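Peer 1: Enclosed is the structure file final_36.json (JSON, C-alpha atoms).
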[["chain", "number", "residue", "atom", "x", "y", "z"],
["P", 1, "MET", "CA", 13.86, 127.10, 83.81],
["P", 2, "ALA", "CA", 17.57, 126.33, 84.12],
["P", 3, "VAL", "CA", 19.05, 123.51, 86.21],
["P", 4, "PHE", "CA", 22.11, 123.94, 88.42],
["P", 5, "LEU", "CA", 24.26, 121.59, 90.50],
["P", 6, "LEU", "CA", 25.12, 122.70, 94.02],
["P", 7, "THR", "CA", 27.78, 120.84, 95.98],
["P", 8, "TRP", "CA", 28.09, 119.71, 99.58],
["P", 9, "ASN", "CA", 31.48, 118.59, 100.87],
["P", 10, "PRO", "CA", 30.82, 117.04, 104.30],
["P", 11, "THR", "CA", 34.45, 117.53, 105.31],
["P", 12, "LYS", "CA", 34.10, 121.31, 104.94],
["P", 13, "TRP", "CA", 30.45, 121.82, 105.92],
["P", 14, "VAL", "CA", 29.53, 119.32, 108.61],
["P", 15, "ILE", "CA", 25.84, 118.44, 108.96],
["P", 16, "PRO", "CA", 25.34, 115.95, 111.81],
["P", 17, "ASP", "CA", 23.57, 112.75, 110.76],
["P", 18, "ASP", "CA", 20.68, 113.35, 113.13],
["P", 19, "GLU", "CA", 20.17, 116.89, 111.81],
["P", 20, "TRP", "CA", 20.21, 115.67, 108.21],
["P", 21, "LEU", "CA", 17.65, 112.95, 109.00],
["P", 22, "VAL", "CA", 15.36, 115.50, 110.64],
["P", 23, "GLY", "CA", 15.41, 117.38, 107.34],
["P", 24, "VAL", "CA", 14.69, 114.17, 105.43],
["P", 25, "LYS", "CA", 11.66, 113.46, 107.61],
["P", 26, "ASP", "CA", 10.36, 117.03, 107.51],
["P", 27, "VAL", "CA", 10.58, 117.36, 103.74],
["P", 28, "ALA", "CA", 8.97, 113.95, 103.23],
["P", 29, "ALA", "CA", 6.08, 115.18, 105.37],
["P", 30, "GLY", "CA", 5.69, 118.24, 103.15],
["P", 31, "LYS", "CA", 7.46, 120.76, 105.39],
["P", 32, "LEU", "CA", 9.55, 122.59, 102.82],
["P", 33, "TYR", "CA", 12.22, 124.96, 104.09],
["P", 34, "SER", "CA", 14.52, 127.56, 102.62],
["P", 35, "GLU", "CA", 18.17, 128.32, 103.28],
["P", 36, "PRO", "CA", 21.09, 130.07, 101.58],
["P", 37, "TRP", "CA", 23.59, 127.82, 99.77],
["P", 38, "SER", "CA", 26.99, 128.66, 98.37],
["P", 39, "ILE", "CA", 27.30, 128.82, 94.57],
["P", 40, "GLY", "CA", 31.08, 129.00, 94.42],
["P", 41, "SER", "CA", 32.44, 131.51, 91.91],
["P", 42, "ARG", "CA", 29.10, 132.01, 90.17],
["P", 43, "THR", "CA", 27.90, 135.60, 90.51],
["P", 44, "GLY", "CA", 24.78, 135.47, 88.35],
["P", 45, "GLY", "CA", 22.67, 133.47, 85.94],
["P", 46, "ILE", "CA", 20.44, 131.87, 88.56],
["P", 47, "GLU", "CA", 16.87, 133.13, 88.57],
["P", 48, "HIS", "CA", 13.89, 132.66, 90.85],
["P", 49, "GLY", "CA", 12.26, 129.35, 89.90],
["P", 50, "ASP", "CA", 15.36, 127.59, 88.55],
["P", 51, "ARG", "CA", 15.85, 123.99, 89.69],
["P", 52, "VAL", "CA", 18.84, 123.00, 91.80],
["P", 53, "PHE", "CA", 20.21, 119.61, 92.81],
["P", 54, "LEU", "CA", 22.56, 119.07, 95.75],
["P", 55, "VAL", "CA", 25.49, 116.80, 94.96],
["P", 56, "ARG", "CA", 27.36, 115.32, 97.92],
["P", 57, "VAL", "CA", 31.07, 115.15, 97.05],
["P", 58, "HIS", "CA", 34.23, 113.69, 98.61],
["P", 59, "SER", "CA", 32.51, 110.60, 100.09],
["P", 60, "ASP", "CA", 29.22, 108.76, 99.48],
["P", 61, "ARG", "CA", 28.93, 110.80, 96.33],
["P", 62, "GLY", "CA", 25.64, 111.45, 94.64],
["P", 63, "ILE", "CA", 22.55, 113.67, 94.64],
["P", 64, "VAL", "CA", 20.88, 113.88, 98.02],
["P", 65, "ALA", "CA", 18.41, 116.77, 97.64],
["P", 66, "SER", "CA", 16.56, 118.94, 95.16],
["P", 67, "GLY", "CA", 14.93, 122.32, 95.37],
["P", 68, "THR", "CA", 14.00, 125.57, 93.69],
["P", 69, "ALA", "CA", 15.94, 128.82, 93.69],
["P", 70, "VAL", "CA", 13.90, 131.49, 95.45],
["P", 71, "SER", "CA", 16.37, 134.33, 94.92],
["P", 72, "GLN", "CA", 18.98, 135.51, 92.48],
["P", 73, "ALA", "CA", 22.69, 135.25, 93.28],
["P", 74, "TYR", "CA", 23.92, 137.55, 96.03],
["P", 75, "LYS", "CA", 26.95, 138.07, 98.27],
["P", 76, "ASP", "CA", 27.05, 137.65, 102.02],
["P", 77, "VAL", "CA", 29.47, 136.78, 104.83],
["P", 78, "HIS", "CA", 31.60, 133.77, 103.93],
["P", 79, "TRP", "CA", 30.33, 130.41, 105.24],
["P", 80, "ASP", "CA", 33.83, 129.48, 106.45],
["P", 81, "ASN", "CA", 34.36, 131.03, 109.89],
["P", 82, "ASP", "CA", 38.07, 131.68, 109.34],
["P", 83, "ARG", "CA", 37.45, 133.46, 106.05],
["P", 84, "ALA", "CA", 34.50, 135.32, 107.49],
["P", 85, "GLY", "CA", 36.82, 136.56, 110.25],
["P", 86, "ARG", "CA", 39.08, 138.03, 107.57],
["P", 87, "GLY", "CA", 36.14, 139.87, 106.05],
["P", 88, "ASP", "CA", 35.70, 137.56, 103.05],
["P", 89, "VAL", "CA", 32.32, 137.13, 101.38],
["P", 90, "ALA", "CA", 30.82, 134.27, 99.35],
["P", 91, "ASN", "CA", 28.22, 133.96, 96.60],
["P", 92, "TYR", "CA", 24.85, 132.46, 97.59],
["P", 93, "VAL", "CA", 21.40, 131.64, 96.34],
["P", 94, "ASP", "CA", 18.38, 130.97, 98.55],
["P", 95, "VAL", "CA", 16.97, 127.49, 97.95],
["P", 96, "GLU", "CA", 13.63, 126.01, 98.94],
["P", 97, "TRP", "CA", 14.35, 122.29, 99.31],
["P", 98, "ASP", "CA", 11.49, 120.07, 98.17],
["P", 99, "TRP", "CA", 13.07, 116.63, 98.47],
["P", 100, "GLN", "CA", 15.85, 115.28, 100.67],
["P", 101, "LEU", "CA", 17.15, 111.73, 100.89],
["P", 102, "PRO", "CA", 19.09, 109.77, 103.48],
["P", 103, "VAL", "CA", 22.68, 109.67, 102.27],
["P", 104, "GLU", "CA", 22.51, 105.90, 101.80],
["P", 105, "ASP", "CA", 19.54, 106.36, 99.44],
["P", 106, "ARG", "CA", 21.24, 109.00, 97.28],
["P", 107, "LEU", "CA", 21.18, 108.96, 93.49],
["P", 108, "PRO", "CA", 24.71, 107.53, 93.15],
["P", 109, "ILE", "CA", 27.42, 109.23, 91.17],
["P", 110, "GLU", "CA", 27.95, 105.99, 89.19],
["P", 111, "VAL", "CA", 24.36, 106.15, 87.89],
["P", 112, "LEU", "CA", 24.74, 109.83, 87.04],
["P", 113, "LYS", "CA", 27.97, 109.21, 85.12],
["P", 114, "THR", "CA", 26.31, 106.41, 83.14],
["P", 115, "HIS", "CA", 23.18, 108.30, 82.14],
["P", 116, "ILE", "CA", 24.56, 111.86, 81.97],
["P", 117, "PRO", "CA", 28.19, 111.45, 80.87],
["P", 118, "GLY", "CA", 28.49, 115.03, 79.67],
["P", 119, "ALA", "CA", 28.34, 116.56, 83.15],
["P", 120, "PRO", "CA", 31.60, 116.97, 85.14],
["P", 121, "TRP", "CA", 30.67, 114.60, 87.97],
["P", 122, "ASP", "CA", 34.32, 113.86, 88.81],
["P", 123, "ASN", "CA", 35.38, 117.49, 88.57],
["P", 124, "LEU", "CA", 32.77, 119.56, 90.38],
["P", 125, "MET", "CA", 35.16, 122.17, 91.72],
["P", 126, "GLY", "CA", 32.37, 124.17, 93.33],
["P", 127, "SER", "CA", 28.67, 124.88, 93.39],
["P", 128, "GLY", "CA", 26.76, 126.56, 90.60],
["P", 129, "VAL", "CA", 27.45, 124.35, 87.57],
["P", 130, "GLN", "CA", 24.65, 124.74, 85.00],
["P", 131, "LEU", "CA", 23.56, 121.66, 83.07],
["P", 132, "SER", "CA", 22.77, 121.66, 79.38],
["P", 133, "THR", "CA", 19.11, 121.39, 78.43],
["P", 134, "ASP", "CA", 19.37, 117.70, 77.48],
["P", 135, "ASP", "CA", 21.35, 116.79, 80.60],
["P", 136, "ALA", "CA", 18.89, 118.71, 82.75],
["P", 137, "LYS", "CA", 15.92, 116.82, 81.29],
["P", 138, "CYS", "CA", 17.65, 113.51, 81.86],
["P", 139, "LEU", "CA", 18.51, 114.39, 85.46],
["P", 140, "ILE", "CA", 14.94, 115.46, 86.23],
["P", 141, "MET", "CA", 13.66, 112.12, 84.94],
["P", 142, "LEU", "CA", 16.26, 110.12, 86.85],
["P", 143, "TRP", "CA", 15.44, 112.00, 90.03],
["P", 144, "SER", "CA", 11.68, 111.61, 89.64],
["P", 145, "ASN", "CA", 12.12, 107.86, 89.29],
["P", 146, "SER", "CA", 14.33, 107.62, 92.36],
["P", 147, "THR", "CA", 12.16, 109.65, 94.73],
["P", 148, "PRO", "CA", 8.60, 108.30, 95.02],
["P", 149, "PRO", "CA", 6.30, 110.55, 97.06],
["P", 150, "VAL", "CA", 5.57, 109.62, 100.66],
["P", 151, "TYR", "CA", 2.23, 110.57, 102.16],
["P", 152, "PRO", "CA", 1.16, 110.37, 105.81],
["P", 153, "GLU", "CA", -1.27, 107.57, 106.59],
["P", 154, "GLU", "CA", -3.23, 109.35, 109.27],
["P", 155, "ASP", "CA", -6.53, 110.95, 108.28],
["P", 156, "ALA", "CA", -5.71, 114.32, 109.79],
["P", 157, "PRO", "CA", -7.23, 117.72, 108.95],
["P", 158, "LEU", "CA", -5.49, 119.29, 105.97],
["P", 159, "ILE", "CA", -3.65, 122.01, 107.88],
["P", 160, "GLU", "CA", -0.80, 123.96, 106.35],
["P", 161, "GLY", "CA", 0.69, 127.41, 106.03],
["P", 162, "GLY", "CA", 2.18, 128.06, 109.49],
["P", 163, "THR", "CA", 5.74, 129.28, 109.67],
["P", 164, "ILE", "CA", 8.34, 127.20, 111.53],
["P", 165, "SER", "CA", 11.73, 128.60, 112.50],
["P", 166, "VAL", "CA", 14.53, 126.49, 111.03],
["P", 167, "ARG", "CA", 17.34, 128.59, 109.55],
["P", 168, "VAL", "CA", 14.81, 130.92, 108.00],
["P", 169, "ASN", "CA", 11.03, 130.77, 108.05],
["P", 170, "ARG", "CA", 9.46, 127.88, 106.20],
["P", 171, "TYR", "CA", 5.84, 127.24, 105.33],
["P", 172, "GLU", "CA", 4.23, 123.93, 106.14],
["P", 173, "ARG", "CA", 2.73, 122.11, 103.18],
["P", 174, "ASN", "CA", 0.49, 119.08, 103.47],
["P", 175, "PRO", "CA", 1.37, 116.34, 100.94],
["P", 176, "LYS", "CA", -2.11, 114.80, 101.31],
["P", 177, "ALA", "CA", -3.58, 118.08, 100.08],
["P", 178, "ARG", "CA", -1.39, 117.79, 96.96],
["P", 179, "ALA", "CA", -2.62, 114.25, 96.37],
["P", 180, "GLU", "CA", -6.27, 115.26, 96.69],
["P", 181, "CYS", "CA", -5.77, 118.26, 94.42],
["P", 182, "LEU", "CA", -4.31, 116.06, 91.68],
["P", 183, "ALA", "CA", -6.98, 113.41, 92.22],
["P", 184, "HIS", "CA", -9.64, 116.03, 91.50],
["P", 185, "HIS", "CA", -7.99, 118.26, 88.89],
["P", 186, "GLY", "CA", -5.68, 115.71, 87.28],
["P", 187, "PRO", "CA", -1.92, 116.08, 86.54],
["P", 188, "THR", "CA", -2.27, 118.52, 83.63],
["P", 189, "CYS", "CA", -1.06, 122.12, 83.96],
["P", 190, "VAL", "CA", -4.04, 124.48, 84.10],
["P", 191, "VAL", "CA", -1.99, 127.22, 82.44],
["P", 192, "GLY", "CA", -0.31, 125.65, 79.40],
["P", 193, "GLY", "CA", -1.81, 122.17, 79.28],
["P", 194, "PHE", "CA", 1.50, 120.36, 79.86],
["P", 195, "ASN", "CA", 1.18, 116.73, 80.99],
["P", 196, "GLY", "CA", 4.47, 114.99, 81.72],
["P", 197, "GLY", "CA", 3.08, 111.52, 81.05],
["P", 198, "ASP", "CA", 1.73, 112.53, 77.65],
["P", 199, "VAL", "CA", 4.95, 114.26, 76.63],
["P", 200, "VAL", "CA", 7.66, 111.82, 77.74],
["P", 201, "GLY", "CA", 5.75, 108.73, 78.83],
["P", 202, "GLU", "CA", 5.94, 106.90, 82.14],
["P", 203, "ALA", "CA", 9.11, 108.69, 83.26],
["P", 204, "GLY", "CA", 7.29, 112.02, 83.15],
["P", 205, "GLU", "CA", 4.21, 111.00, 85.10],
["P", 206, "GLY", "CA", 3.83, 113.08, 88.25],
["P", 207, "LEU", "CA", 6.07, 115.88, 86.94],
["P", 208, "ILE", "CA", 3.64, 118.53, 88.14],
["P", 209, "HIS", "CA", 3.55, 121.17, 90.85],
["P", 210, "VAL", "CA", 0.59, 122.25, 92.96],
["P", 211, "HIS", "CA", 0.03, 126.00, 93.22],
["P", 212, "HIS", "CA", -1.73, 127.83, 96.06],
["P", 213, "LEU", "CA", -4.12, 130.35, 94.51],
["P", 214, "VAL", "CA", -3.59, 132.54, 97.57],
["P", 215, "GLU", "CA", 0.09, 132.59, 98.53],
["P", 216, "MET", "CA", 0.70, 131.20, 102.02],
["P", 217, "SER", "CA", 2.98, 134.13, 102.79],
["P", 218, "GLN", "CA", -0.09, 136.37, 102.46],
["P", 219, "ARG", "CA", -2.18, 134.33, 104.88],
["P", 220, "LYS", "CA", 0.35, 134.69, 107.75],
["P", 221, "THR", "CA", -1.35, 131.99, 109.87],
["P", 222, "ARG", "CA", -2.16, 128.31, 109.63],
["P", 223, "TYR", "CA", -5.40, 127.44, 107.87],
["P", 224, "GLN", "CA", -7.40, 124.44, 106.68],
["P", 225, "VAL", "CA", -6.74, 124.07, 102.98],
["P", 226, "ASP", "CA", -9.39, 122.98, 100.50],
["P", 227, "PRO", "CA", -7.48, 120.93, 97.90],
["P", 228, "VAL", "CA", -10.15, 121.54, 95.23],
["P", 229, "ARG", "CA", -10.76, 125.28, 95.66],
["P", 230, "ASP", "CA", -7.37, 126.48, 96.99],
["P", 231, "LEU", "CA", -4.95, 124.43, 94.85],
["P", 232, "VAL", "CA", -4.39, 123.91, 91.11],
["P", 233, "PRO", "CA", -1.86, 121.82, 89.16],
["P", 234, "VAL", "CA", 0.79, 123.75, 87.21],
["P", 235, "CYS", "CA", 3.93, 122.57, 85.45],
["P", 236, "PRO", "CA", 7.30, 123.67, 86.91],
["P", 237, "THR", "CA", 7.87, 126.26, 84.16],
["P", 238, "CYS", "CA", 4.47, 127.92, 84.54],
["P", 239, "HIS", "CA", 4.86, 127.78, 88.32],
["P", 240, "ALA", "CA", 8.13, 129.66, 88.03],
["P", 241, "MET", "CA", 6.45, 132.24, 85.79],
["P", 242, "ILE", "CA", 3.60, 132.68, 88.28],
["P", 243, "HIS", "CA", 6.11, 133.62, 90.97],
["P", 244, "LEU", "CA", 8.20, 135.97, 88.85],
["P", 245, "ARG", "CA", 6.58, 138.89, 90.66],
["P", 246, "ARG", "CA", 5.08, 139.70, 94.05],
["P", 247, "PRO", "CA", 2.18, 139.45, 94.40],
["P", 248, "ALA", "CA", 2.24, 136.41, 92.13],
["P", 249, "TYR", "CA", 0.58, 136.33, 88.73],
["P", 250, "THR", "CA", -2.67, 134.39, 88.60],
["P", 251, "PRO", "CA", -2.75, 131.28, 86.38],
["P", 252, "SER", "CA", -5.11, 133.11, 84.01],
["P", 253, "GLU", "CA", -2.68, 136.05, 83.73],
["P", 254, "VAL", "CA", 0.18, 133.72, 82.81],
["P", 255, "ARG", "CA", -2.07, 131.94, 80.32],
["P", 256, "GLU", "CA", -2.82, 135.28, 78.69],
["P", 257, "ILE", "CA", 0.90, 136.10, 78.51],
["P", 258, "LEU", "CA", 1.60, 132.77, 76.82],
["P", 259, "THR", "CA", -1.16, 133.22, 74.25],
["P", 260, "LYS", "CA", 0.35, 136.57, 73.21],
["P", 261, "THR", "CA", 3.86, 135.19, 72.61]]
Represent the supplied structure as C-alpha cells.

Peer 2:
Amino acid sequence: MAVFLLTWNPTKWVIPDDEWLVGVKDVAAGKLYSEPWSIGSRTGGIEHGDRVFLVRVHSDRGIVASGTAVSQAYKDVHWDNDRAGRGDVANYVDVEWDWQLPVEDRLPIEVLKTHIPGAPWDNLMGSGVQLSTDDAKCLIMLWSNSTPPVYPEEDAPLIEGGTISVRVNRYERNPKARAECLAHHGPTCVVGGFNGGDVVGEAGEGLIHVHHLVEMSQRKTRYQVDPVRDLVPVCPTCHAMIHLRRPAYTPSEVREILTKT
C-alpha cells in the first residue's frame, strides 16, 4: 500500500465553507463518498487501495482529509473550465474519502514539517506526490492521533448500504456497527494477524479497517447490518488485497495467498 499526497488550492478550486462542512459532518457520521481528484502530472503508479491525504495549500495549509484510491490513474476532461473548453484533459484518480476535518482543525503544515521533514511540504507543485515508506508510516500515525473517531449517540437501528447521490454514488456506513464489530472481534486482522497496538504501541491502536463480508455494492439496497456476522476486522493492507478483484476475495482466500508466499 503506497501513500500519496493530493493537493487542494482553494483559490483555484473553490469549495464553499458550508459545502465543505456538510462533507465533514457526513464523513464523521460514516457516510463515505467517492469523487475524482486531480493528480497533476502523474499518469500512473496509483493502485486501488493506496492511501491518499489531501493537503490544503496556499492558505490555512495542512492536511484536511484522507481516503483510499478506488481506481488507477486515468484521463478525463480538465477540471478548469477554460482549459476544458480548449479540449485539455487532466489526470485523475477516484478517491473514497474516509475522514474530513474542518479547515481550522487541520493537521497543520508546521507539524508536518517538524515530524516529516523529508517531504516537500513547501514545494508541492501539484497532486500525486508519493511519500517514502518511513514518511508514510509517520504520517499515518500523526493522522490517527489527530482524528479520533466520532460515533452517534442515538441508539438507532444499524442501517447502512443505501446509495446517496453526491458527485457519484456513495454507500452509507454506520460507525456504530464498526464499533460493535471491533468490540466483539477485537482489533486484530483476521487475515494476517496484524494488530497496530502490538506492532507500534499506543500510536497504532485503532489502525484497523472493518470489512463487509458481502460487498454493499452487491446488496443494492439498504439493510440492517449484523456487526458480528456481517463484518470482520482487517488491516489496511489485507483490505486492499481483498478488493484487488471484483467480486472481492474472501478473507480466507487472501489468507491462503499469504501462506503460499

Peer 1: Would you pick out the contacts of Thr259 of chain P at 12 Å or less, using all atoms listed in the file, so that residues sharing its chain but fewer than 6 positions from it are not included, and give the list as a PyMOL selection string?

Peer 2: chain P and resi 191-192+252-253

Peer 1: Using 12 Å as the limit and counting all atoms listed in the file, can you tabulate each residue of segment 109-153 of chain P that touches segment 86-93 of chain P, with its shortest atom-to-atom distance in Å and the two atoms involved, as CSV?

Peer 2:
residue,atom,partner,partner_atom,distance
P:Gly126,CA,P:Asn91,CA,11.1
P:Ser127,CA,P:Tyr92,CA,9.5
P:Gly128,CA,P:Tyr92,CA,9.3

Peer 1: Which distance in Å separates atom CA of Trp20 of chain P and atom CA of Leu107 of chain P, to one decimal?

Peer 2: 16.2 Å

Peer 1: Mind pulling up the distance from atom CA of Pro36 of chain P to atom CA of Met125 of chain P?

Peer 2: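 Taking atom CA of Met125 of chain P as the start and atom CA of Pro36 of chain P as the end point, the length is 18.9 Å.
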
Peer 1: Could you state the separation of atom CA of Leu182 of chain P and atom CA of Val210 of chain P in Å, given to one decimal place?

Peer 2: 8.0 Å

Peer 1: Identify which of the residues P:Trp79, P:Phe4, P:Trp97, P:Phe194 lies closest to Gly30 of chain P, counting all atoms listed in the file when measuring atom-to-atom distances.

Peer 2: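 Among P:Trp79, P:Phe4, P:Trp97, P:Phe194, it is P:Trp97 that comes nearest to Gly30 of chain P.
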
Peer 1: With all atoms listed in the file as the counted atoms, please give the residues lying no more than 8 Å from Phe53 of chain P, apart from itself and same-chain residues fewer than 4 positions off, as a ChimeraX atom specification.

Peer 2: /P:3-6,63-67

Peer 1: Using only C-alpha atoms, which of P:Ala28, P:Cys138, P:Pro187, P:Arg83 sits nearest Ile208 of chain P?

Peer 2: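 Closest to Ile208 of chain P of all the choices is P:Pro187.
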
Peer 1: Show me, as a list of chain:residue names, the residues that have an atom within 7 Å of segment 45-48 of chain P when counting only C-alpha atoms, minus same-chain residues fewer than 3 positions from it.

Peer 2: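 Once the nearby chain positions are removed, what remains is P:Ala69, P:Val70, P:Ser71, P:Gln72, P:Ala73, P:Leu244.
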
Peer 1: What's around segment 143-145 of chain P at 8 Å? Count only C-alpha atoms, leave out sequence neighbours fewer than 4 positions away in its own chain, and write the answer as an MDAnalysis selection string.

Peer 2: chainID P and resid 107 139 203:204 207

Peer 1: Is it possible to add N, CA and C atoms to segment 185-210 of chain P and hand it back as a PDB file, in the coordinates of the input?

Peer 2:
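Result file follows (part18.pdb):
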ATOM      1  N   HIS P 185      -8.265 117.467  90.080  1.00  0.00           N
ATOM      2  CA  HIS P 185      -7.990 118.260  88.890  1.00  0.00           C
ATOM      3  C   HIS P 185      -7.217 117.501  87.818  1.00  0.00           C
ATOM      4  N   GLY P 186      -6.529 116.414  88.212  1.00  0.00           N
ATOM      5  CA  GLY P 186      -5.680 115.710  87.280  1.00  0.00           C
ATOM      6  C   GLY P 186      -4.284 116.307  87.221  1.00  0.00           C
ATOM      7  N   PRO P 187      -3.325 115.629  86.546  1.00  0.00           N
ATOM      8  CA  PRO P 187      -1.920 116.080  86.540  1.00  0.00           C
ATOM      9  C   PRO P 187      -1.554 116.981  85.369  1.00  0.00           C
ATOM     10  N   THR P 188      -2.541 117.652  84.775  1.00  0.00           N
ATOM     11  CA  THR P 188      -2.270 118.520  83.630  1.00  0.00           C
ATOM     12  C   THR P 188      -2.236 119.973  84.060  1.00  0.00           C
ATOM     13  N   CYS P 189      -1.234 120.711  83.598  1.00  0.00           N
ATOM     14  CA  CYS P 189      -1.060 122.120  83.960  1.00  0.00           C
ATOM     15  C   CYS P 189      -2.274 122.940  83.506  1.00  0.00           C
ATOM     16  N   VAL P 190      -2.861 123.690  84.432  1.00  0.00           N
ATOM     17  CA  VAL P 190      -4.040 124.480  84.100  1.00  0.00           C
ATOM     18  C   VAL P 190      -3.688 125.720  83.289  1.00  0.00           C
ATOM     19  N   VAL P 191      -2.404 126.038  83.196  1.00  0.00           N
ATOM     20  CA  VAL P 191      -1.990 127.220  82.440  1.00  0.00           C
ATOM     21  C   VAL P 191      -1.713 126.850  80.985  1.00  0.00           C
ATOM     22  N   GLY P 192      -0.742 125.958  80.770  1.00  0.00           N
ATOM     23  CA  GLY P 192      -0.310 125.650  79.400  1.00  0.00           C
ATOM     24  C   GLY P 192      -0.708 124.287  78.887  1.00  0.00           C
ATOM     25  N   GLY P 193      -1.357 123.473  79.731  1.00  0.00           N
ATOM     26  CA  GLY P 193      -1.810 122.170  79.280  1.00  0.00           C
ATOM     27  C   GLY P 193      -0.750 121.089  79.258  1.00  0.00           C
ATOM     28  N   PHE P 194       0.430 121.363  79.854  1.00  0.00           N
ATOM     29  CA  PHE P 194       1.500 120.360  79.860  1.00  0.00           C
ATOM     30  C   PHE P 194       1.141 119.176  80.748  1.00  0.00           C
ATOM     31  N   ASN P 195       1.364 117.961  80.226  1.00  0.00           N
ATOM     32  CA  ASN P 195       1.180 116.730  80.990  1.00  0.00           C
ATOM     33  C   ASN P 195       2.421 115.879  80.781  1.00  0.00           C
ATOM     34  N   GLY P 196       3.201 115.692  81.849  1.00  0.00           N
ATOM     35  CA  GLY P 196       4.470 114.990  81.720  1.00  0.00           C
ATOM     36  C   GLY P 196       4.338 113.595  81.156  1.00  0.00           C
ATOM     37  N   GLY P 197       3.283 112.875  81.554  1.00  0.00           N
ATOM     38  CA  GLY P 197       3.080 111.520  81.050  1.00  0.00           C
ATOM     39  C   GLY P 197       2.804 111.494  79.563  1.00  0.00           C
ATOM     40  N   ASP P 198       2.037 112.473  79.073  1.00  0.00           N
ATOM     41  CA  ASP P 198       1.730 112.530  77.650  1.00  0.00           C
ATOM     42  C   ASP P 198       2.946 112.904  76.820  1.00  0.00           C
ATOM     43  N   VAL P 199       3.817 113.751  77.393  1.00  0.00           N
ATOM     44  CA  VAL P 199       4.950 114.260  76.630  1.00  0.00           C
ATOM     45  C   VAL P 199       6.107 113.263  76.572  1.00  0.00           C
ATOM     46  N   VAL P 200       6.484 112.692  77.711  1.00  0.00           N
ATOM     47  CA  VAL P 200       7.660 111.820  77.740  1.00  0.00           C
ATOM     48  C   VAL P 200       7.361 110.406  78.217  1.00  0.00           C
ATOM     49  N   GLY P 201       6.094 110.089  78.422  1.00  0.00           N
ATOM     50  CA  GLY P 201       5.750 108.730  78.830  1.00  0.00           C
ATOM     51  C   GLY P 201       5.817 108.522  80.326  1.00  0.00           C
ATOM     52  N   GLU P 202       5.996 107.275  80.728  1.00  0.00           N
ATOM     53  CA  GLU P 202       5.940 106.900  82.140  1.00  0.00           C
ATOM     54  C   GLU P 202       6.913 107.687  83.008  1.00  0.00           C
ATOM     55  N   ALA P 203       8.106 107.978  82.471  1.00  0.00           N
ATOM     56  CA  ALA P 203       9.110 108.690  83.260  1.00  0.00           C
ATOM     57  C   ALA P 203       8.644 110.085  83.654  1.00  0.00           C
ATOM     58  N   GLY P 204       7.743 110.673  82.864  1.00  0.00           N
ATOM     59  CA  GLY P 204       7.290 112.020  83.150  1.00  0.00           C
ATOM     60  C   GLY P 204       6.026 112.114  83.974  1.00  0.00           C
ATOM     61  N   GLU P 205       5.435 110.973  84.313  1.00  0.00           N
ATOM     62  CA  GLU P 205       4.210 111.000  85.100  1.00  0.00           C
ATOM     63  C   GLU P 205       4.498 111.569  86.493  1.00  0.00           C
ATOM     64  N   GLY P 206       3.649 112.457  86.931  1.00  0.00           N
ATOM     65  CA  GLY P 206       3.830 113.080  88.250  1.00  0.00           C
ATOM     66  C   GLY P 206       4.710 114.296  88.234  1.00  0.00           C
ATOM     67  N   LEU P 207       5.220 114.686  87.032  1.00  0.00           N
ATOM     68  CA  LEU P 207       6.070 115.880  86.940  1.00  0.00           C
ATOM     69  C   LEU P 207       5.152 117.110  86.898  1.00  0.00           C
ATOM     70  N   ILE P 208       4.600 117.451  88.037  1.00  0.00           N
ATOM     71  CA  ILE P 208       3.640 118.530  88.140  1.00  0.00           C
ATOM     72  C   ILE P 208       3.742 119.160  89.516  1.00  0.00           C
ATOM     73  N   HIS P 209       3.597 120.470  89.576  1.00  0.00           N
ATOM     74  CA  HIS P 209       3.550 121.170  90.850  1.00  0.00           C
ATOM     75  C   HIS P 209       2.111 121.459  91.228  1.00  0.00           C
ATOM     76  N   VAL P 210       1.895 121.810  92.486  1.00  0.00           N
ATOM     77  CA  VAL P 210       0.590 122.250  92.960  1.00  0.00           C
ATOM     78  C   VAL P 210       0.735 123.671  93.466  1.00  0.00           C
TER      79      VAL P 210
END
